[in-house]
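Colleague: First the structure, then my questions, so here it is.
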Amino acid sequence: LERIDLYQIHWPDSQTPFETSMETMVKLQEAGKIRYIGVSNFTREQIMVCQRVTPVHSLQSPFNLFEREIQGELLPFCESTGIATMAYGGLCRGLLTGKFTGLESFPRGDLRRADPKFKPDRFGQYIKAVADLRKLADKYHKTPAQFALRWALQQPGITTVLAGARTAAQVEDNVGAAGWCIEAEDLEQVEQILSKRIKTPVGPEFMSPRKE
C-alpha cells in the first residue's frame with residue numbers, strides 16, 4: 001500500500017504528550033502516508049487534547065451488550081463532534097455467542113483467563129443472561145451472536161461494530177447481524193434480563209495496560 005486509509009493509536013501512551021503523537025500523525029498525513037487519524041481506548045478528555053492539534057476522525061473502544069461504559073460520555077461526545085466510532089469486542093470474547101456452559105477453564109495466554117466475567121463468581125451470571133438472550137434471538141430466527149451484534153449496531157452513536165472470526169462459518173454468522181432490526185420492546189427486554197441476571201457486572205477495565 002502507498003497509503004493507509006485509517007491509522008489509529010491503539011492505546012494512550014502516558015509517557016508521550018498527546019500533542020506530540022498528533023503532530024507526528026499530521027506529518028504522516030501531510031506526507032500522504034495516511035488519510036485519516038484515529039485513536040483507540042482514549043477517554044473524552046484525551047481526545048480533546050488531541051483535537052487541539054488536529055481533527056480526530058475515529059475512536060475504537062470496547063463496546064458490547066455487557067460492556068457499555070462508553071455510553072456515558074464518549075458516545076454522546078463522538079456523536080456531537082462527528083467522530084466515527086468503531087466498537088470492538090462485539091461478542092465479548094465469545095461470551096455472547098452462547099457457546100459456553102460456565103464450566104470452561106482457559107489456558108495461559110488466553111485473554112479470558114484475566115477477564116473477571118469468566119471467573120467462577122460471575123461466569124454463571126453471564127451464562128444465564130445469554131440463555132435468556134437466546135430466547136429473544138430465537139424470536140428473530142437469529143443466533144445469540146447475531147442478536148448481540150445487531151443490538152450494538154442499533155445503539156445511538158455507534159458507527160460500526162467489529163467482531164472477531166477464526167473460521168468462515170463464524171464470518172457468515174456475523175453477517176447475519178445485518179438487514180434487520182430489534183424491536184423497541186425487545187430492546188427493553190434486554191435491559192430487564194441484564195438487571196435480573198447480572199448482579200455484579202464488570203467492564204473491560206482488565207484489558208488496560210499496566211501503568212508504570
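Order determines the names: the first chain of the C-alpha cells is A, the second B, and so forth; residues in each chain are numbered 1 upward, and ligands are numbered 1 upward as they are shown.
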Pick out each residue of range 5-211 of chain A that DSSP on the backbone tags as strand (DSSP E); I need them as a list in words.
Modeller: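 Result set for range 5-211 of chain A (strand (DSSP E)): Asp5, Leu6, Tyr7, Gln8, Ile9, Ile34, Arg35, Tyr36, Ile37, Gly38, Val39, Ser40, Ser58, Leu59, Gln60, Ser61, Pro62, Ala84, Thr85, Met86, Ala87, Tyr88, Thr160 and Val161 of chain A.
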Colleague: Among range 28-199 of chain A, which residues carry a DSSP assignment of helix (DSSP H, G or I), reported as a PyMOL selection string?
Modeller: chain A and resi 28-30+44-51+69-71+74-81+95-97+111-113+116-118+120-139+144-153+168-175+184-197
Colleague: From the options A:Ala165, A:Glu172, A:Lys117, A:Phe147, which residue's atoms come nearest to Lys199 in chain A, counting only C-alpha atoms?
Modeller: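 Once distances to Lys199 in chain A are computed over only C-alpha atoms, the minimum belongs to A:Lys117.
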Colleague: Which polymer residues have any atom within 12 Å of an atom of Gly82 in chain A, counting only C-alpha atoms, with same-chain residues fewer than 3 positions away left out, as a ChimeraX atom specification?
Modeller: /A:55-59,74-79,85,157-159
Colleague: Those residues you just picked out, can you put them in a file as an mmCIF file, in the first residue's frame with C-alpha atoms?
Modeller:
```cif
data_model
loop_
_atom_site.group_PDB
_atom_site.id
_atom_site.type_symbol
_atom_site.label_atom_id
_atom_site.label_comp_id
_atom_site.auth_asym_id
_atom_site.auth_seq_id
_atom_site.Cartn_x
_atom_site.Cartn_y
_atom_site.Cartn_z
ATOM 1 C CA PRO A 55 -9.211 16.601 13.992
ATOM 2 C CA VAL A 56 -9.685 13.053 15.275
ATOM 3 C CA HIS A 57 -11.717 11.066 12.766
ATOM 4 C CA SER A 58 -12.406 7.846 14.642
ATOM 5 C CA LEU A 59 -12.498 6.243 18.065
ATOM 6 C CA LEU A 74 -17.784 9.001 24.970
ATOM 7 C CA LEU A 75 -20.575 8.063 22.583
ATOM 8 C CA PRO A 76 -22.533 11.303 23.051
ATOM 9 C CA PHE A 77 -19.274 13.266 22.680
ATOM 10 C CA CYS A 78 -18.309 11.456 19.473
ATOM 11 C CA GLU A 79 -21.808 11.796 18.068
ATOM 12 C CA THR A 85 -16.996 5.048 16.440
ATOM 13 C CA GLY A 157 -23.560 6.928 18.382
ATOM 14 C CA ILE A 158 -22.197 3.600 17.130
ATOM 15 C CA THR A 159 -20.892 3.741 13.555
#
```
Colleague: Would you please work out which residue, of A:Ile34, A:Val26, A:Leu103, A:Leu194, is nearest to Cys50 in chain A when using only C-alpha atoms?
Modeller: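 Of all the options, A:Val26 lies closest to Cys50 in chain A.
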Colleague: So how far away is CA of Thr160 in chain A from CA of Thr200 in chain A, in Å?
Modeller: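 It comes out at 28.1 Å.
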Colleague: Need to verify the contact set: range 121-129 of chain A, 9 Å, only C-alpha atoms, exclusion of same-chain residues closer than 2 positions in sequence. Can you return it as an mmCIF file with all heavy atoms, in the first residue's frame?
Modeller:
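The file below, around.cif, is the result:
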```
data_model
loop_
_atom_site.group_PDB
_atom_site.id
_atom_site.type_symbol
_atom_site.label_atom_id
_atom_site.label_comp_id
_atom_site.auth_asym_id
_atom_site.auth_seq_id
_atom_site.Cartn_x
_atom_site.Cartn_y
_atom_site.Cartn_z
ATOM 1 N N PHE A 66 -22.618 -6.390 27.136
ATOM 2 C CA PHE A 66 -22.212 -6.489 28.543
ATOM 3 C C PHE A 66 -21.251 -5.385 28.981
ATOM 4 O O PHE A 66 -21.065 -5.188 30.178
ATOM 5 C CB PHE A 66 -21.545 -7.840 28.795
ATOM 6 C CG PHE A 66 -22.477 -9.016 28.737
ATOM 7 C CD1 PHE A 66 -22.030 -10.246 28.276
ATOM 8 C CD2 PHE A 66 -23.799 -8.908 29.152
ATOM 9 C CE1 PHE A 66 -22.887 -11.346 28.223
ATOM 10 C CE2 PHE A 66 -24.657 -9.997 29.100
ATOM 11 C CZ PHE A 66 -24.200 -11.224 28.634
ATOM 12 N N LEU A 95 -18.331 -14.625 24.725
ATOM 13 C CA LEU A 95 -19.344 -14.865 25.748
ATOM 14 C C LEU A 95 -20.760 -14.735 25.188
ATOM 15 O O LEU A 95 -21.669 -15.467 25.580
ATOM 16 C CB LEU A 95 -19.135 -13.891 26.909
ATOM 17 C CG LEU A 95 -20.001 -14.079 28.160
ATOM 18 C CD1 LEU A 95 -19.888 -15.490 28.703
ATOM 19 C CD2 LEU A 95 -19.585 -13.067 29.236
ATOM 20 N N LEU A 96 -20.945 -13.828 24.231
ATOM 21 C CA LEU A 96 -22.270 -13.573 23.684
ATOM 22 C C LEU A 96 -22.642 -14.509 22.532
ATOM 23 O O LEU A 96 -23.708 -14.354 21.934
ATOM 24 C CB LEU A 96 -22.376 -12.115 23.234
ATOM 25 C CG LEU A 96 -22.537 -11.104 24.376
ATOM 26 C CD1 LEU A 96 -22.194 -9.693 23.937
ATOM 27 C CD2 LEU A 96 -23.966 -11.165 24.925
ATOM 28 N N GLY A 98 -23.046 -17.731 23.042
ATOM 29 C CA GLY A 98 -23.834 -18.793 23.628
ATOM 30 C C GLY A 98 -23.148 -20.145 23.620
ATOM 31 O O GLY A 98 -23.779 -21.168 23.917
ATOM 32 N N PHE A 100 -20.614 -21.138 25.577
ATOM 33 C CA PHE A 100 -20.044 -21.554 26.854
ATOM 34 C C PHE A 100 -21.103 -22.134 27.792
ATOM 35 O O PHE A 100 -22.273 -21.750 27.745
ATOM 36 C CB PHE A 100 -19.346 -20.376 27.541
ATOM 37 C CG PHE A 100 -18.148 -19.852 26.788
ATOM 38 C CD1 PHE A 100 -18.128 -18.542 26.316
ATOM 39 C CD2 PHE A 100 -17.060 -20.659 26.546
ATOM 40 C CE1 PHE A 100 -17.036 -18.057 25.618
ATOM 41 C CE2 PHE A 100 -15.963 -20.189 25.853
ATOM 42 C CZ PHE A 100 -15.952 -18.878 25.385
ATOM 43 N N THR A 101 -20.667 -23.024 28.663
ATOM 44 C CA THR A 101 -21.564 -23.622 29.653
ATOM 45 C C THR A 101 -21.358 -23.042 31.048
ATOM 46 O O THR A 101 -22.194 -23.204 31.928
ATOM 47 C CB THR A 101 -21.326 -25.138 29.744
ATOM 48 O OG1 THR A 101 -20.000 -25.381 30.249
ATOM 49 C CG2 THR A 101 -21.466 -25.793 28.375
ATOM 50 N N GLY A 102 -20.217 -22.375 31.249
ATOM 51 C CA GLY A 102 -19.884 -21.847 32.567
ATOM 52 C C GLY A 102 -18.903 -22.723 33.314
ATOM 53 O O GLY A 102 -18.437 -22.363 34.397
ATOM 54 N N LEU A 103 -18.566 -23.869 32.744
ATOM 55 C CA LEU A 103 -17.642 -24.806 33.384
ATOM 56 C C LEU A 103 -16.253 -24.766 32.744
ATOM 57 O O LEU A 103 -15.345 -25.469 33.190
ATOM 58 C CB LEU A 103 -18.195 -26.234 33.296
ATOM 59 C CG LEU A 103 -19.577 -26.451 33.947
ATOM 60 C CD1 LEU A 103 -20.048 -27.878 33.695
ATOM 61 C CD2 LEU A 103 -19.514 -26.150 35.441
ATOM 62 N N PRO A 116 -12.606 -10.837 34.538
ATOM 63 C CA PRO A 116 -13.424 -11.195 35.704
ATOM 64 C C PRO A 116 -14.767 -11.833 35.335
ATOM 65 O O PRO A 116 -15.339 -12.574 36.133
ATOM 66 C CB PRO A 116 -13.629 -9.853 36.412
ATOM 67 C CG PRO A 116 -12.465 -9.019 35.986
ATOM 68 C CD PRO A 116 -12.206 -9.417 34.563
ATOM 69 N N LYS A 117 -15.268 -11.558 34.132
ATOM 70 C CA LYS A 117 -16.551 -12.138 33.730
ATOM 71 C C LYS A 117 -16.463 -13.652 33.565
ATOM 72 O O LYS A 117 -17.479 -14.345 33.605
ATOM 73 C CB LYS A 117 -17.030 -11.488 32.427
ATOM 74 C CG LYS A 117 -17.602 -10.089 32.620
ATOM 75 C CD LYS A 117 -18.100 -9.493 31.340
ATOM 76 C CE LYS A 117 -16.979 -9.120 30.417
ATOM 77 N NZ LYS A 117 -16.051 -8.121 30.996
ATOM 78 N N PHE A 118 -15.259 -14.167 33.368
ATOM 79 C CA PHE A 118 -15.076 -15.600 33.172
ATOM 80 C C PHE A 118 -14.599 -16.303 34.441
ATOM 81 O O PHE A 118 -14.233 -17.473 34.401
ATOM 82 C CB PHE A 118 -14.093 -15.854 32.025
ATOM 83 C CG PHE A 118 -14.644 -15.481 30.673
ATOM 84 C CD1 PHE A 118 -14.549 -14.177 30.201
ATOM 85 C CD2 PHE A 118 -15.276 -16.425 29.879
ATOM 86 C CE1 PHE A 118 -15.052 -13.828 28.958
ATOM 87 C CE2 PHE A 118 -15.791 -16.087 28.635
ATOM 88 C CZ PHE A 118 -15.683 -14.782 28.164
ATOM 89 N N LYS A 119 -14.610 -15.582 35.554
ATOM 90 C CA LYS A 119 -14.266 -16.185 36.836
ATOM 91 C C LYS A 119 -15.521 -16.848 37.427
ATOM 92 O O LYS A 119 -16.648 -16.408 37.157
ATOM 93 C CB LYS A 119 -13.735 -15.126 37.809
ATOM 94 C CG LYS A 119 -12.488 -14.389 37.319
ATOM 95 C CD LYS A 119 -11.292 -15.313 37.196
ATOM 96 C CE LYS A 119 -10.043 -14.520 36.800
ATOM 97 N NZ LYS A 119 -8.869 -15.408 36.609
ATOM 98 N N ALA A 131 -28.463 -17.179 28.077
ATOM 99 C CA ALA A 131 -29.552 -18.135 27.839
ATOM 100 C C ALA A 131 -30.872 -17.406 27.622
ATOM 101 O O ALA A 131 -31.674 -17.780 26.750
ATOM 102 C CB ALA A 131 -29.658 -19.101 29.010
ATOM 103 N N ASP A 132 -31.108 -16.367 28.400
ATOM 104 C CA ASP A 132 -32.332 -15.572 28.231
ATOM 105 C C ASP A 132 -32.288 -14.776 26.923
ATOM 106 O O ASP A 132 -33.309 -14.628 26.239
ATOM 107 C CB ASP A 132 -32.509 -14.622 29.411
ATOM 108 C CG ASP A 132 -32.913 -15.343 30.690
ATOM 109 O OD1 ASP A 132 -33.272 -16.532 30.606
ATOM 110 O OD2 ASP A 132 -32.860 -14.721 31.767
ATOM 111 N N LEU A 133 -31.110 -14.255 26.583
ATOM 112 C CA LEU A 133 -30.964 -13.507 25.335
ATOM 113 C C LEU A 133 -31.185 -14.413 24.127
ATOM 114 O O LEU A 133 -31.698 -13.976 23.093
ATOM 115 C CB LEU A 133 -29.577 -12.871 25.262
ATOM 116 C CG LEU A 133 -29.302 -11.746 26.266
ATOM 117 C CD1 LEU A 133 -27.828 -11.365 26.250
ATOM 118 C CD2 LEU A 133 -30.168 -10.528 25.970
ATOM 119 N N ARG A 134 -30.804 -15.686 24.269
ATOM 120 C CA ARG A 134 -31.021 -16.644 23.180
ATOM 121 C C ARG A 134 -32.516 -16.751 22.842
ATOM 122 O O ARG A 134 -32.894 -16.885 21.674
ATOM 123 C CB ARG A 134 -30.470 -18.015 23.570
ATOM 124 C CG ARG A 134 -30.598 -19.064 22.457
ATOM 125 C CD ARG A 134 -30.226 -20.440 22.968
ATOM 126 N NE ARG A 134 -28.817 -20.524 23.305
ATOM 127 C CZ ARG A 134 -27.854 -20.798 22.422
ATOM 128 N NH1 ARG A 134 -28.162 -20.997 21.149
ATOM 129 N NH2 ARG A 134 -26.591 -20.874 22.816
ATOM 130 N N ILE A 193 -33.398 -8.343 31.359
ATOM 131 C CA ILE A 193 -32.618 -9.571 31.514
ATOM 132 C C ILE A 193 -31.310 -9.283 32.242
ATOM 133 O O ILE A 193 -30.932 -10.000 33.184
ATOM 134 C CB ILE A 193 -32.331 -10.202 30.142
ATOM 135 C CG1 ILE A 193 -33.608 -10.801 29.551
ATOM 136 C CG2 ILE A 193 -31.239 -11.278 30.248
ATOM 137 C CD1 ILE A 193 -33.475 -11.255 28.112
ATOM 138 N N LEU A 194 -30.630 -8.242 31.838
ATOM 139 C CA LEU A 194 -29.350 -7.915 32.463
ATOM 140 C C LEU A 194 -29.535 -7.536 33.926
ATOM 141 O O LEU A 194 -28.747 -7.931 34.792
ATOM 142 C CB LEU A 194 -28.669 -6.777 31.705
ATOM 143 C CG LEU A 194 -28.314 -7.039 30.244
ATOM 144 C CD1 LEU A 194 -27.485 -5.900 29.689
ATOM 145 C CD2 LEU A 194 -27.581 -8.355 30.074
ATOM 146 N N LYS A 196 -31.848 -8.541 35.892
ATOM 147 C CA LYS A 196 -32.246 -9.722 36.649
ATOM 148 C C LYS A 196 -31.092 -10.696 36.858
ATOM 149 O O LYS A 196 -30.916 -11.246 37.957
ATOM 150 C CB LYS A 196 -33.383 -10.430 35.912
ATOM 151 C CG LYS A 196 -33.801 -11.747 36.533
ATOM 152 C CD LYS A 196 -34.879 -12.430 35.691
ATOM 153 C CE LYS A 196 -35.251 -13.785 36.259
ATOM 154 N NZ LYS A 196 -36.271 -14.470 35.408
ATOM 155 N N ARG A 197 -30.301 -10.917 35.836
ATOM 156 C CA ARG A 197 -29.316 -11.983 35.864
ATOM 157 C C ARG A 197 -27.928 -11.573 36.363
ATOM 158 O O ARG A 197 -27.236 -12.374 37.002
ATOM 159 C CB ARG A 197 -29.164 -12.576 34.453
ATOM 160 C CG ARG A 197 -30.402 -13.294 33.946
ATOM 161 C CD ARG A 197 -30.751 -14.485 34.811
ATOM 162 N NE ARG A 197 -31.825 -15.295 34.233
ATOM 163 C CZ ARG A 197 -32.386 -16.311 34.849
ATOM 164 N NH1 ARG A 197 -31.993 -16.648 36.076
ATOM 165 N NH2 ARG A 197 -33.345 -17.003 34.269
ATOM 166 N N ILE A 198 -27.519 -10.355 36.065
ATOM 167 C CA ILE A 198 -26.136 -9.971 36.377
ATOM 168 C C ILE A 198 -26.114 -9.056 37.601
ATOM 169 O O ILE A 198 -26.411 -7.873 37.517
ATOM 170 C CB ILE A 198 -25.469 -9.294 35.171
ATOM 171 C CG1 ILE A 198 -25.524 -10.239 33.969
ATOM 172 C CG2 ILE A 198 -24.023 -8.934 35.488
ATOM 173 C CD1 ILE A 198 -25.007 -9.664 32.689
ATOM 174 N N LYS A 199 -25.762 -9.639 38.732
ATOM 175 C CA LYS A 199 -25.781 -8.899 39.992
ATOM 176 C C LYS A 199 -24.476 -8.161 40.254
ATOM 177 O O LYS A 199 -24.455 -7.185 41.000
ATOM 178 C CB LYS A 199 -26.061 -9.875 41.148
ATOM 179 C CG LYS A 199 -27.368 -10.663 40.990
ATOM 180 C CD LYS A 199 -28.568 -9.731 40.820
ATOM 181 C CE LYS A 199 -29.867 -10.521 40.689
ATOM 182 N NZ LYS A 199 -31.036 -9.634 40.465
ATOM 183 N N THR A 200 -23.388 -8.640 39.690
ATOM 184 C CA THR A 200 -22.085 -7.986 39.892
ATOM 185 C C THR A 200 -21.436 -7.733 38.537
ATOM 186 O O THR A 200 -20.464 -8.390 38.163
ATOM 187 C CB THR A 200 -21.162 -8.850 40.770
ATOM 188 O OG1 THR A 200 -21.061 -10.180 40.195
ATOM 189 C CG2 THR A 200 -21.691 -8.954 42.182
ATOM 190 N N PRO A 201 -21.981 -6.789 37.758
ATOM 191 C CA PRO A 201 -21.432 -6.519 36.423
ATOM 192 C C PRO A 201 -20.012 -5.973 36.491
ATOM 193 O O PRO A 201 -19.618 -5.328 37.467
ATOM 194 C CB PRO A 201 -22.405 -5.483 35.849
ATOM 195 C CG PRO A 201 -22.988 -4.811 37.060
ATOM 196 C CD PRO A 201 -23.096 -5.895 38.100
ATOM 197 N N VAL A 202 -19.248 -6.238 35.466
ATOM 198 C CA VAL A 202 -17.872 -5.759 35.398
ATOM 199 C C VAL A 202 -17.570 -5.407 33.949
ATOM 200 O O VAL A 202 -18.080 -6.039 33.016
ATOM 201 C CB VAL A 202 -16.892 -6.828 35.933
ATOM 202 C CG1 VAL A 202 -16.944 -8.087 35.089
ATOM 203 C CG2 VAL A 202 -15.476 -6.281 36.007
#
```
Colleague: Quick one: pull the distance between CA of Glu188 in chain A and CA of Gln146 in chain A, Å, one decimal.
Modeller: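 Going from CA of Glu188 in chain A over to CA of Gln146 in chain A, I get 17.6 Å.
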Colleague: Using only C-alpha atoms, pick whichever of A:Arg108, A:Lys27, A:Lys135, A:Arg44 has the shortest atom-to-atom distance to Val190 in chain A.
Modeller: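 Among the listed residues, A:Lys135 lies closest to Val190 in chain A.
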Colleague: Quick one: residues within 9 Å of Arg3 in chain A, only C-alpha atoms, excluding same-chain residues fewer than 6 positions away - as a ChimeraX atom specification?
Modeller: /A:32-35
